[in-house]
$ cat data30.cif   # mmCIF, C-alpha atoms
data_run
loop_
_atom_site.label_atom_id
_atom_site.label_comp_id
_atom_site.auth_asym_id
_atom_site.auth_seq_id
_atom_site.Cartn_x
_atom_site.Cartn_y
_atom_site.Cartn_z
CA MET A 1 -136.20 12.56 -91.29
CA LYS A 2 -135.40 12.91 -87.59
CA THR A 3 -136.95 15.72 -85.64
CA ARG A 4 -134.85 17.96 -83.33
CA GLN A 5 -136.60 16.43 -80.26
CA GLY A 6 -135.76 12.87 -81.40
CA TYR A 7 -132.11 13.80 -81.97
CA GLN A 8 -131.86 15.31 -78.45
CA GLY A 9 -133.44 12.15 -76.98
CA ASN A 10 -130.76 9.97 -78.60
CA VAL A 11 -127.98 12.21 -77.30
CA LEU A 12 -129.45 12.02 -73.80
CA LEU A 13 -129.68 8.24 -74.01
CA VAL A 14 -126.05 7.91 -75.09
CA GLU A 15 -125.03 10.30 -72.33
CA ILE A 16 -126.89 8.30 -69.67
CA ILE A 17 -125.25 5.07 -70.90
CA VAL A 18 -121.78 6.66 -70.75
CA VAL A 19 -122.53 8.13 -67.31
CA LEU A 20 -123.69 4.74 -66.00
CA LEU A 21 -120.53 3.08 -67.35
CA PHE A 22 -118.26 5.62 -65.71
CA PHE A 23 -120.25 5.51 -62.49
CA SER A 24 -120.07 1.69 -62.38
CA LEU A 25 -116.32 1.80 -62.98
CA SER A 26 -115.71 4.35 -60.22
CA ALA A 27 -118.10 2.53 -57.86
CA VAL A 28 -116.18 -0.73 -58.35
CA ILE A 29 -112.85 1.01 -57.67
CA SER A 30 -114.22 2.88 -54.65
CA MET A 31 -115.80 -0.26 -53.19
CA GLY A 32 -112.45 -2.02 -53.48
CA VAL A 33 -110.81 0.83 -51.60
CA PHE A 34 -113.53 0.81 -48.92
CA VAL A 35 -113.18 -2.96 -48.45
CA ARG A 36 -109.39 -2.66 -48.10
CA ALA A 37 -109.82 0.21 -45.60
CA ARG A 38 -112.22 -1.91 -43.55
CA GLN A 39 -109.77 -4.83 -43.52
CA MET A 40 -106.98 -2.53 -42.36
CA THR A 41 -109.17 -1.06 -39.61
CA GLU A 42 -110.09 -4.56 -38.40
CA GLU A 43 -106.42 -5.60 -38.44
CA ALA A 44 -105.47 -2.49 -36.45
CA ALA A 45 -108.22 -3.15 -33.89
CA LEU A 46 -107.11 -6.77 -33.55
CA LEU A 47 -103.47 -5.80 -33.12
CA THR A 48 -104.31 -3.11 -30.54
CA ALA A 49 -106.51 -5.52 -28.56
CA ALA A 50 -103.82 -8.23 -28.62
CA ASN A 51 -101.17 -5.73 -27.58
CA GLU A 52 -103.22 -4.44 -24.64
CA ARG A 53 -104.09 -7.93 -23.47
CA MET A 54 -100.50 -9.15 -23.65
CA SER A 55 -99.21 -6.03 -21.87
CA ALA A 56 -101.67 -6.64 -19.02
CA TRP A 57 -100.46 -10.25 -18.71
CA ALA A 58 -96.82 -9.13 -18.84
CA GLU A 59 -97.38 -6.63 -16.00
CA GLU A 60 -98.93 -9.36 -13.86
CA LEU A 61 -96.22 -11.88 -14.78
CA ALA A 62 -93.53 -9.45 -13.58
CA LEU A 63 -95.06 -9.72 -10.09
CA THR A 64 -95.93 -13.42 -10.13
CA PRO A 65 -93.26 -16.00 -9.29
CA ALA A 66 -95.53 -18.89 -10.38
CA ALA A 67 -95.86 -18.05 -14.09
CA GLU A 68 -97.47 -21.32 -15.15
CA GLU A 69 -100.11 -21.11 -12.43
CA TYR A 70 -100.91 -17.58 -13.55
CA LEU A 71 -101.26 -18.69 -17.19
CA ALA A 72 -103.58 -21.53 -16.15
CA ALA A 73 -105.67 -19.08 -14.12
CA GLN A 74 -106.00 -16.84 -17.20
CA GLY A 75 -107.48 -19.72 -19.19
CA PHE A 76 -104.39 -20.95 -21.02
CA LEU A 77 -104.30 -24.68 -21.72
CA GLN A 78 -101.04 -26.62 -21.81
CA THR A 79 -100.37 -28.87 -24.78
CA ASP A 80 -96.93 -30.31 -25.60
CA GLY A 81 -95.15 -27.95 -23.23
CA GLN A 82 -96.75 -24.88 -24.78
CA TRP A 83 -99.58 -22.84 -23.36
CA ALA A 84 -102.36 -21.67 -25.67
CA LEU A 85 -105.48 -19.57 -25.29
CA THR A 86 -108.01 -19.22 -28.10
CA GLY A 87 -109.65 -15.81 -27.97
CA GLU A 88 -112.56 -14.48 -30.01
CA GLN A 89 -110.41 -13.17 -32.82
CA ALA A 90 -106.87 -14.17 -31.93
CA VAL A 91 -104.95 -17.11 -30.55
CA TYR A 92 -102.39 -16.49 -27.81
CA THR A 93 -99.48 -18.80 -27.06
CA ALA A 94 -97.01 -18.73 -24.19
CA GLN A 95 -93.77 -20.52 -23.44
CA ALA A 96 -92.83 -20.33 -19.78
CA ALA A 97 -89.37 -21.00 -18.36
CA GLU A 98 -88.07 -20.79 -14.82
CA GLU A 99 -84.46 -20.62 -13.73
CA ASN A 100 -83.20 -20.91 -10.18
CA THR A 101 -80.02 -18.87 -9.91
CA GLY A 102 -79.39 -19.90 -6.32
CA ALA A 103 -79.95 -16.35 -5.14
CA GLY A 104 -83.46 -16.19 -6.59
CA ILE A 105 -85.86 -17.30 -9.28
CA ARG A 106 -85.87 -15.81 -12.77
CA THR A 107 -89.05 -16.39 -14.75
CA ARG A 108 -89.37 -15.77 -18.46
CA VAL A 109 -92.54 -16.08 -20.58
CA LEU A 110 -92.62 -15.59 -24.34
CA LEU A 111 -96.10 -14.37 -25.25
CA GLU A 112 -97.21 -14.45 -28.89
CA ALA A 113 -100.47 -13.50 -30.60
CA TRP A 114 -101.69 -15.03 -33.86
CA ASP A 115 -104.70 -14.23 -36.01
CA GLN A 116 -107.23 -16.89 -37.03
CA ASP A 117 -105.26 -17.63 -40.23
CA GLY A 118 -102.12 -18.38 -38.22
CA ASN A 119 -100.28 -15.15 -39.07
CA ALA A 120 -98.14 -13.68 -36.28
CA LEU A 121 -99.58 -10.44 -34.89
CA THR A 122 -97.18 -9.47 -32.13
CA SER A 123 -94.95 -10.95 -29.46
CA LEU A 124 -93.28 -9.87 -26.24
CA THR A 125 -91.12 -11.33 -23.52
CA ALA A 126 -92.54 -11.12 -20.01
CA GLY A 127 -91.25 -12.36 -16.69
CA GLY A 128 -89.47 -11.15 -13.61
CA TYR A 129 -86.90 -11.79 -10.96
CA PHE A 130 -87.73 -12.85 -7.43
CA GLY A 131 -84.74 -12.72 -5.14
CA GLY A 132 -84.56 -15.15 -2.27
CA GLU A 133 -84.39 -13.71 1.19
CA GLU A 134 -82.53 -16.58 2.80
CA GLN A 135 -78.96 -16.01 3.85
CA PRO A 136 -76.44 -17.95 1.81
CA MET B 1 -145.93 19.86 -64.75
CA SER B 2 -144.94 23.43 -64.27
CA LYS B 3 -147.34 26.23 -63.42
CA SER B 4 -147.30 27.41 -66.95
CA GLY B 5 -148.16 23.91 -68.16
CA GLY B 6 -144.71 23.11 -69.57
CA VAL B 7 -142.92 19.78 -69.02
CA TYR B 8 -139.71 19.45 -66.96
CA ARG B 9 -137.03 17.66 -68.93
CA ILE B 10 -133.56 16.51 -68.02
CA GLY B 11 -131.36 18.57 -70.22
CA THR B 12 -128.28 17.25 -71.97
CA GLY B 13 -125.27 17.47 -69.61
CA ALA B 14 -127.21 17.31 -66.33
CA THR B 15 -126.47 13.59 -65.85
CA SER B 16 -122.79 14.20 -66.63
CA LEU B 17 -122.66 16.90 -63.98
CA MET B 18 -124.35 14.64 -61.46
CA MET B 19 -121.93 11.82 -62.30
CA ILE B 20 -118.92 14.10 -61.80
CA LEU B 21 -120.31 15.20 -58.43
CA VAL B 22 -121.06 11.63 -57.27
CA ILE B 23 -117.68 10.30 -58.46
CA LEU B 24 -115.89 13.15 -56.72
CA CYS B 25 -117.73 12.37 -53.47
CA LEU B 26 -117.01 8.63 -53.77
CA THR B 27 -113.35 9.23 -54.52
CA ALA B 28 -112.91 11.75 -51.70
CA LEU B 29 -114.61 9.49 -49.15
CA SER B 30 -112.72 6.38 -50.21
CA VAL B 31 -109.37 8.21 -50.11
CA ILE B 32 -110.12 9.64 -46.64
CA SER B 33 -111.28 6.25 -45.38
CA TYR B 34 -108.22 4.45 -46.79
CA SER B 35 -105.69 6.96 -45.49
CA SER B 36 -107.33 6.96 -42.04
CA ALA B 37 -107.29 3.15 -41.89
CA ARG B 38 -103.72 3.04 -43.09
CA SER B 39 -102.49 5.51 -40.47
CA GLU B 40 -104.46 3.65 -37.79
CA LEU B 41 -102.79 0.37 -38.76
CA SER B 42 -99.39 1.99 -38.89
CA VAL B 43 -99.87 3.46 -35.39
CA ALA B 44 -101.03 0.07 -34.06
CA ARG B 45 -98.00 -1.67 -35.60
CA ARG B 46 -95.63 0.94 -34.21
CA ALA B 47 -97.21 0.70 -30.74
CA ALA B 48 -96.84 -3.09 -30.80
CA GLU B 49 -93.22 -2.77 -31.93
CA VAL B 50 -92.35 -0.25 -29.20
CA ASN B 51 -94.17 -2.35 -26.61
CA GLY B 52 -92.16 -5.41 -27.64
CA GLN B 53 -88.91 -3.43 -27.46
CA VAL B 54 -89.72 -2.02 -24.01
CA TYR B 55 -90.56 -5.48 -22.65
CA ALA B 56 -87.35 -6.84 -24.22
CA ALA B 57 -85.42 -4.13 -22.35
CA MET B 58 -87.28 -5.05 -19.15
CA ASP B 59 -86.32 -8.68 -19.71
CA GLN B 60 -82.70 -7.60 -20.06
CA GLY B 61 -83.06 -5.52 -16.88
CA TYR B 62 -84.31 -8.53 -14.92
CA ASP B 63 -81.39 -10.57 -16.33
CA LEU B 64 -78.94 -7.93 -15.05
CA LEU B 65 -80.66 -7.84 -11.66
CA ALA B 66 -80.56 -11.64 -11.40
CA ALA B 67 -76.86 -11.72 -12.33
CA LEU B 68 -76.04 -8.94 -9.85
CA ASP B 69 -78.05 -10.57 -7.07
CA ALA B 70 -76.32 -13.91 -7.73
CA ALA B 71 -72.93 -12.19 -7.51
CA LEU B 72 -73.92 -10.44 -4.27
CA TRP B 73 -75.22 -13.72 -2.89
CA GLU B 74 -71.78 -15.28 -3.37
CA ILE B 75 -70.00 -12.21 -1.96
CA HIS B 76 -72.29 -12.27 1.05
CA ALA B 77 -71.20 -15.83 1.79
CA ALA B 78 -67.49 -15.09 1.38
CA ALA B 79 -66.94 -11.48 2.51
CA ASP B 80 -66.94 -10.08 6.01
CA GLU B 81 -69.02 -7.12 7.16
CA GLN B 82 -66.22 -4.55 6.71
CA THR B 83 -65.39 -5.34 3.09
CA TYR B 84 -68.89 -6.42 2.00
CA ALA B 85 -70.07 -3.09 0.56
CA GLN B 86 -66.86 -2.29 -1.31
CA THR B 87 -66.68 -5.81 -2.78
CA CYS B 88 -70.31 -5.54 -3.88
CA TYR B 89 -69.80 -2.15 -5.55
CA GLU B 90 -66.76 -3.50 -7.37
CA ALA B 91 -68.73 -6.53 -8.56
CA ALA B 92 -71.54 -4.23 -9.72
CA ARG B 93 -69.10 -2.05 -11.68
CA GLN B 94 -67.68 -5.13 -13.36
CA ALA B 95 -71.21 -6.23 -14.30
CA GLY B 96 -71.79 -2.91 -16.08
CA TRP B 97 -73.67 -1.03 -13.36
CA THR B 98 -72.97 2.59 -12.50
CA VAL B 99 -72.24 3.15 -8.82
CA GLU B 100 -73.01 6.59 -7.37
CA GLU B 101 -72.73 6.82 -3.58
CA ASP B 102 -74.87 3.88 -2.44
CA CYS B 103 -77.06 3.78 -5.55
CA LEU B 104 -76.52 1.28 -8.36
CA SER B 105 -78.04 2.07 -11.73
CA VAL B 106 -77.98 0.79 -15.26
CA GLU B 107 -79.58 2.10 -18.41
CA ILE B 108 -80.77 -0.23 -21.15
CA PRO B 109 -81.72 1.26 -24.53
CA ALA B 110 -85.20 0.15 -25.56
CA THR B 111 -85.94 2.25 -28.65
CA GLU B 112 -84.24 5.18 -30.34
CA LYS B 113 -85.85 7.64 -27.92
CA LEU B 114 -86.62 5.46 -24.92
CA SER B 115 -84.48 3.58 -22.47
CA LEU B 116 -85.10 1.59 -19.32
CA ARG B 117 -83.41 2.81 -16.15
CA VAL B 118 -82.96 0.29 -13.35
CA GLN B 119 -81.91 1.62 -9.96
CA ALA B 120 -81.13 -0.40 -6.87
CA THR B 121 -79.72 0.23 -3.43
CA LEU B 122 -77.39 -2.15 -1.69
CA LEU B 123 -78.82 -3.16 1.67
CA PRO B 124 -76.54 -3.33 4.71
CA TYR B 125 -74.86 -6.63 5.43
CA GLY B 126 -77.28 -9.20 6.80
CA GLU B 127 -80.33 -6.90 6.89
CA GLN B 128 -83.66 -8.69 6.36
CA GLY B 129 -81.92 -11.43 4.42
CA ALA B 130 -82.24 -9.44 1.17
CA ARG B 131 -79.25 -7.96 -0.63
CA LEU B 132 -80.78 -5.38 -2.94
CA GLU B 133 -83.71 -3.02 -2.89
CA ILE B 134 -85.04 -2.01 -6.31
CA THR B 135 -85.66 1.74 -6.12
CA GLY B 136 -86.39 2.40 -9.78
CA PHE B 137 -87.48 0.37 -12.77
CA ALA B 138 -88.93 2.75 -15.35
CA THR B 139 -88.55 3.96 -18.91
CA VAL B 140 -87.04 7.39 -19.49
CA THR B 141 -87.02 9.46 -22.65
CA GLN B 142 -83.99 11.23 -24.05
CA ALA B 143 -85.67 14.57 -23.34
CA GLU B 144 -85.87 13.74 -19.62
CA GLU B 145 -82.20 12.75 -19.64
CA MET B 146 -81.25 16.04 -21.28
CA GLU B 147 -83.32 18.00 -18.71
CA ALA B 148 -81.62 16.12 -15.88
CA PHE B 149 -78.21 16.69 -17.44
CA PHE B 150 -78.61 20.47 -17.75
#
$ encode --input "data30.cif" --output "structure tokens"
Amino acid sequence: MKTRQGYQGNVLLVEIIVVLLFFSLSAVISMGVFVRARQMTEEAALLTAANERMSAWAEELALTPAAEEYLAAQGFLQTDGQWALTGEQAVYTAQAAEENTGAGIRTRVLLEAWDQDGNALTSLTAGGYFGGEEQP
Amino acid sequence: MSKSGGVYRIGTGATSLMMILVILCLTALSVISYSSARSELSVARRAAEVNGQVYAAMDQGYDLLAALDAALWEIHAAADEQTYAQTCYEAARQAGWTVEEDCLSVEIPATEKLSLRVQATLLPYGEQGARLEITGFATVTQAEEMEAFF
């Protein structure tokens, strides 16, 4: 015949097992949520950094008539007509075009940022217009 | 051991209470962390989108400036000093620019609440070889426009 103390011990044991099961289940779910939150934070940081970097280049490109020289000075390498720069976490590409309108030079540079898996992060069109000062 | 010599025991239900507390904490922290990360990502995406739209408007602004300057370049070659300014203003109006006194301006919508305002002044015939002076190239919000209007 079981004593009262032995009965209480069994109940406690069952309770601890149930508690551990529930705790494990919630821990697994919470860890999944934490991991996803970390991925999102990293993606946001990457996107913000790429955005800031590309904006800085775009501001400079609006004041620089020689776009390709500027890209080369920033560390871009030209391959097959396209400029590329591999950063720590992102890859930047640029396509530069120059048009002489007769009255001046119009430059246009399409800047794009990609993550390490090749997914597009963001893009923007930079460039400027540099009017000639010579009389027609 | 207690002072009286008794033994401390974990009573039935104490572990359940602790589990509820721990699970509540885990859930609250994970929800806060997830929602914070999500809003951060959404802000970053929106900032990148707006940035792209503003630079697209700037690109359009430079296109308009280039087209106007090319038109003025041709007028400069053909027109004489007396009719130069009037011909230029007419060409600017036809290209979509607003002409107020001697100031040319054009507004390019960038986002729903933001637009790019390009302002230029026509230089006198033959001065310094240039035809236009850019006096403004900045984004304006709708609120600023409303303030200026009233």
$ closest_residue --input "data30.cif" --among "B:Ile23, B:Ala44, B:Ile108, B:Ala67" --to "Ala44 (chain A)" --atoms "only C-alpha atoms"
B:Ala44
$ interface_residues --input "data30.cif" --of "chain B" --to "chain A" --cutoff "8 Å" --atoms "all atoms listed in the file" --output "PyMOL selection string"
chain B and resi 11-13+15-16+19+23+26-27+30-31+33-35+37-38+40-42+44-45+48-49+51-53+55-56+59+62-63+65-66+69-70+73-74+76-77+126+128-131
$ resolve_selection --input "data30.cif" --expression "the PyMOL selection byres ((chain B and resi 78-86) around 12)" --output "count of residues only"
30
$ atom_distance --input "data30.cif" --atom1 "CA of Gln95 (chain A)" --atom2 "CA of Gly81 (chain A)"
7.6 Å
$ atom_distance --input "data30.cif" --atom1 "CA of Ala96 (chain A)" --atom2 "CA of Ala73 (chain A)"
14.1 Å
$ residues_around --input "data30.cif" --residues "Glu107 (chain B)" --least-positions-apart "6" --cutoff "10 Å" --atoms "all atoms listed in the file" --output "PDB file with C-alpha atoms, keeping the file's coordinate frame"
ATOM      1  CA  ALA B  57     -85.420  -4.130 -22.350  1.00  0.00           C
ATOM      2  CA  GLY B  61     -83.060  -5.520 -16.880  1.00  0.00           C
ATOM      3  CA  GLY B  96     -71.790  -2.910 -16.080  1.00  0.00           C
ATOM      4  CA  TRP B  97     -73.670  -1.030 -13.360  1.00  0.00           C
ATOM      5  CA  THR B  98     -72.970   2.590 -12.500  1.00  0.00           C
ATOM      6  CA  SER B 115     -84.480   3.580 -22.470  1.00  0.00           C
ATOM      7  CA  LEU B 116     -85.100   1.590 -19.320  1.00  0.00           C
ATOM      8  CA  ARG B 117     -83.410   2.810 -16.150  1.00  0.00           C
ATOM      9  CA  VAL B 118     -82.960   0.290 -13.350  1.00  0.00           C
ATOM     10  CA  GLN B 119     -81.910   1.620  -9.960  1.00  0.00           C
ATOM     11  CA  PHE B 137     -87.480   0.370 -12.770  1.00  0.00           C
ATOM     12  CA  ALA B 138     -88.930   2.750 -15.350  1.00  0.00           C
ATOM     13  CA  THR B 139     -88.550   3.960 -18.910  1.00  0.00           C
ATOM     14  CA  VAL B 140     -87.040   7.390 -19.490  1.00  0.00           C
TER      15      VAL B 140
END
$ build_atoms --input "data30.cif" --residues "region 40-66 of chain A" --atoms "N, CA, C and O atoms" --output "compact mmCIF listing (two decimals), keeping the file's coordinate frame"
# COMPACT_ATOMS: atom_id res chain seq x y z
N MET A 40 -108.09 -3.14 -43.10
CA MET A 40 -106.98 -2.53 -42.36
C MET A 40 -107.44 -2.07 -40.98
O MET A 40 -106.72 -2.24 -39.99
N THR A 41 -108.64 -1.50 -40.91
CA THR A 41 -109.17 -1.06 -39.61
C THR A 41 -109.35 -2.25 -38.67
O THR A 41 -109.03 -2.19 -37.49
N GLU A 42 -109.88 -3.35 -39.22
CA GLU A 42 -110.09 -4.56 -38.40
C GLU A 42 -108.75 -5.12 -37.92
O GLU A 42 -108.62 -5.54 -36.77
N GLU A 43 -107.75 -5.10 -38.81
CA GLU A 43 -106.42 -5.60 -38.44
C GLU A 43 -105.82 -4.73 -37.33
O GLU A 43 -105.23 -5.25 -36.37
N ALA A 44 -106.00 -3.41 -37.47
CA ALA A 44 -105.47 -2.49 -36.45
C ALA A 44 -106.15 -2.72 -35.11
O ALA A 44 -105.49 -2.74 -34.06
N ALA A 45 -107.47 -2.92 -35.14
CA ALA A 45 -108.22 -3.15 -33.89
C ALA A 45 -107.76 -4.45 -33.24
O ALA A 45 -107.58 -4.52 -32.02
N LEU A 46 -107.55 -5.47 -34.06
CA LEU A 46 -107.11 -6.77 -33.55
C LEU A 46 -105.71 -6.67 -32.92
O LEU A 46 -105.47 -7.19 -31.83
N LEU A 47 -104.85 -5.97 -33.60
CA LEU A 47 -103.47 -5.80 -33.12
C LEU A 47 -103.45 -5.00 -31.81
O LEU A 47 -102.74 -5.37 -30.87
N THR A 48 -104.25 -3.93 -31.76
CA THR A 48 -104.31 -3.11 -30.54
C THR A 48 -104.85 -3.93 -29.37
O THR A 48 -104.31 -3.88 -28.26
N ALA A 49 -105.92 -4.70 -29.63
CA ALA A 49 -106.51 -5.52 -28.56
C ALA A 49 -105.51 -6.56 -28.07
O ALA A 49 -105.35 -6.75 -26.86
N ALA A 50 -104.81 -7.21 -29.00
CA ALA A 50 -103.82 -8.23 -28.62
C ALA A 50 -102.68 -7.60 -27.82
O ALA A 50 -102.22 -8.15 -26.82
N ASN A 51 -102.26 -6.44 -28.26
CA ASN A 51 -101.17 -5.73 -27.58
C ASN A 51 -101.55 -5.36 -26.15
O ASN A 51 -100.77 -5.57 -25.22
N GLU A 52 -102.76 -4.83 -25.99
CA GLU A 52 -103.22 -4.44 -24.64
C GLU A 52 -103.34 -5.65 -23.73
O GLU A 52 -102.93 -5.62 -22.57
N ARG A 53 -103.89 -6.73 -24.27
CA ARG A 53 -104.09 -7.93 -23.47
C ARG A 53 -102.75 -8.52 -23.02
O ARG A 53 -102.58 -8.90 -21.87
N MET A 54 -101.81 -8.58 -23.97
CA MET A 54 -100.50 -9.15 -23.65
C MET A 54 -99.72 -8.26 -22.68
O MET A 54 -99.00 -8.75 -21.81
N SER A 55 -99.88 -6.95 -22.81
CA SER A 55 -99.21 -6.03 -21.87
C SER A 55 -99.74 -6.24 -20.46
O SER A 55 -98.97 -6.23 -19.49
N ALA A 56 -101.06 -6.42 -20.34
CA ALA A 56 -101.67 -6.64 -19.02
C ALA A 56 -101.11 -7.93 -18.42
O ALA A 56 -100.77 -7.97 -17.23
N TRP A 57 -101.01 -8.98 -19.22
CA TRP A 57 -100.46 -10.25 -18.71
C TRP A 57 -99.00 -10.06 -18.29
O TRP A 57 -98.58 -10.58 -17.26
N ALA A 58 -98.25 -9.32 -19.12
CA ALA A 58 -96.82 -9.13 -18.84
C ALA A 58 -96.62 -8.38 -17.52
O ALA A 58 -95.72 -8.71 -16.75
N GLU A 59 -97.47 -7.38 -17.26
CA GLU A 59 -97.38 -6.63 -16.00
C GLU A 59 -97.63 -7.55 -14.81
O GLU A 59 -96.97 -7.45 -13.78
N GLU A 60 -98.61 -8.43 -14.95
CA GLU A 60 -98.93 -9.36 -13.86
C GLU A 60 -97.81 -10.39 -13.69
O GLU A 60 -97.47 -10.76 -12.57
N LEU A 61 -97.27 -10.84 -14.83
CA LEU A 61 -96.22 -11.88 -14.78
C LEU A 61 -94.94 -11.35 -14.13
O LEU A 61 -94.17 -12.12 -13.57
N ALA A 62 -94.72 -10.03 -14.21
CA ALA A 62 -93.53 -9.45 -13.58
C ALA A 62 -93.63 -9.50 -12.06
O ALA A 62 -92.63 -9.35 -11.37
N LEU A 63 -94.85 -9.70 -11.55
CA LEU A 63 -95.06 -9.72 -10.09
C LEU A 63 -95.44 -11.11 -9.58
O LEU A 63 -95.75 -11.27 -8.40
N THR A 64 -95.47 -12.08 -10.50
CA THR A 64 -95.93 -13.42 -10.13
C THR A 64 -94.81 -14.45 -10.27
O THR A 64 -94.38 -14.73 -11.39
N PRO A 65 -94.33 -15.00 -9.16
CA PRO A 65 -93.26 -16.00 -9.29
C PRO A 65 -93.73 -17.29 -9.97
O PRO A 65 -92.97 -17.93 -10.68
N ALA A 66 -95.00 -17.65 -9.77
CA ALA A 66 -95.53 -18.89 -10.38
C ALA A 66 -96.18 -18.55 -11.72
O ALA A 66 -97.40 -18.35 -11.81
